[in-house]
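Taking it in order: structure first as structure tokens, then the write-up.
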Amino acid sequence: MNPLRTLLQRAALFLAPVLLAALHLAGCASSEGPTTFDVAPGQYTRAFDTARETLRDQFYSIDRVDAEAGVISSFPKDSAGLATPWDSDQSSLKQEWEDLAADQRRTIRIVFEREPGSSEPTLGRVTVVVDRRYRPGIRVPAKGVKSASLTQDPALAQRGMWPAYDVAVEEDRALAARLAGQIAQRLAEPGVPQSAPVEAASDAVAPSEPAPAAAQSTNGSADAEVP
């Protein structure tokens with residue numbers, strides 16, 4: 001037997017329990033935190049714009065922006081987990097593996113809620129849904145993946161579920177909590193006032209037109225003003 005192969009197998013057997021424990025602990029620890037943020041009185045416009053910019057900073061394309069209804073939603077965003085280390089959507093190593101093993105995408109929805117009797121929203125709620133894409137009818141022969149073929153199911157085609165369809169598998173509360181925290185942190189920073197203050201008027205008021213100069217006489221005294 002190849003000694004290198006034997007060494008790799010022993011290393012895998014040793015690291016497997018440690019990796020599974022790390023995945024379990026990371027998944028449990030990442031689900032903490034509120035998924036809402038407060039909106040101060042008179043700051044709804046700023047909070048709405050801040051929420052939209054936060055999604056854009058996470059490289060999410062905006063699908064719906066409705067300030068009157070208080071709704072912001074994104075298009076689904078793909079991620080390959082460990083294969084795309086530049087993504088910041090995953091909150092644990094468990095999620096990294098899941099996104100690598102399955103074709104998954106995330107959709108974000110932010111809803112601003114009003115309290116009874118309030119004229120403006122006082123709370124923002126972030127929801128992240130994870131969709132998994134399925135491709136039915138794939139036939140992979142034993143000789144090689146390159147020879148795979150795809151069968152067509154007329155029933156699925158009539159329902160719009162062929163050649164692929166998405167199913168919501170879970171709610172990513174960890175990412176929702178992180179986004180809500182980022183929005184709340186930005187709102188806590190000093191913002192630009194909605195209306196510029198009116199400048200105070202100067203105490204010294206300039207005359208509208210210059211005063212007429214008195215006519216000077218040859219002897220140096222001022223002549224009387226002619227009506």
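Naming scheme: A, B, ... for chains in displayed order of the structure tokens; residues 1 onward per chain; ligands 1 onward as shown.
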
All helix (DSSP H, G or I) residues (DSSP, backbone) inside segment 14-152 of chain A, as a PyMOL selection string
chain A and resi 14-29+44-57+81-83+93-101+145-147

Quick one: pick out all strand (DSSP E or B) residues within segment 73-198 of chain A from a backbone DSSP run and write them as an NGL selection string.
:A and (73-74 or 77-79 or 104-113 or 123-134 or 138-139 or 149-150 or 165-171)

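Closest approach to Tyr134 of chain A among A:Asp87, A:Glu115, A:Asp103, A:Glu171 is made by A:Asp103 (distances from only C-alpha atoms).
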
Give me, please, the distance in Å between atom CA of Ala47 of chain A and atom CA of Ala69 of chain A, quoted to one decimal.
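Atom-to-atom, atom CA of Ala47 of chain A and atom CA of Ala69 of chain A are spaced 14.0 Å apart.
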
Please build the interface table for segment 58-107 of chain A against segment 38-46 of chain A with a cut-off of 12 Å, listing for each qualifying residue the nearest atom pair and the distance in Å to one decimal; count only C-alpha atoms, order rows by chain and increasing number, and write it as JSON lines.
{"residue": "A:Asp66", "atom": "CA", "partner": "A:Thr45", "partner_atom": "CA", "distance": 11.7}
{"residue": "A:Ala67", "atom": "CA", "partner": "A:Thr45", "partner_atom": "CA", "distance": 8.2}
{"residue": "A:Glu68", "atom": "CA", "partner": "A:Thr45", "partner_atom": "CA", "distance": 10.4}
{"residue": "A:Gly70", "atom": "CA", "partner": "A:Tyr44", "partner_atom": "CA", "distance": 9.3}

With C-alpha atoms retained, write the just-selected residues as a compact mmCIF listing (two decimals), in the first residue's frame.
# COMPACT_ATOMS: atom_id res chain seq x y z
CA ASP A 66 -40.91 50.86 -2.09
CA ALA A 67 -40.50 53.63 0.47
CA GLU A 68 -44.25 54.19 0.77
CA GLY A 70 -41.60 50.32 3.62

Separation of atom CA of Ala168 of chain A from atom CA of Gly124 of chain A in Å:
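For atom CA of Gly124 of chain A relative to atom CA of Ala168 of chain A, the distance reads 22.6 Å.
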
Residues within 7 Å of segment 163-166 of chain A, please, as a ChimeraX atom specification. Count only C-alpha atoms; anything in the same chain fewer than 2 positions from it doesn't count.
/A:131-136,161,168

Measuring atom to atom with only C-alpha atoms, identify which of A:Val140, A:Ile72, A:Ala83, A:Val169 is nearest to Arg106 of chain A.
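Using only C-alpha atoms, the shortest distance to Arg106 of chain A belongs to A:Val169.
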
I need the residue nearest Glu189 of chain A from this list: A:Thr50, A:Thr35, A:Ser147, A:Ser61. Use only C-alpha atoms for the distance.
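Closest candidate: A:Thr50.
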
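We find atom CA of Gly33 of chain A and atom CA of Phe48 of chain A to be spaced 21.0 Å apart.
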
Considering only C-alpha atoms, state which residue in the set A:Ser73, A:Val129, A:Asp99, A:Leu150 is at the smallest distance from Val111 of chain A.
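Nearest to Val111 of chain A: A:Ser73.
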
Residues within 12 Å of Ser88 of chain A, please, as JSON, numbers by chain. Count only C-alpha atoms; anything in the same chain fewer than 2 positions from it doesn't count.
{"A": [55, 57, 58, 59, 60, 77, 78, 79, 80, 81, 82, 84, 85, 86, 90, 91, 92, 93, 95, 96, 106, 174, 175, 178, 179]}
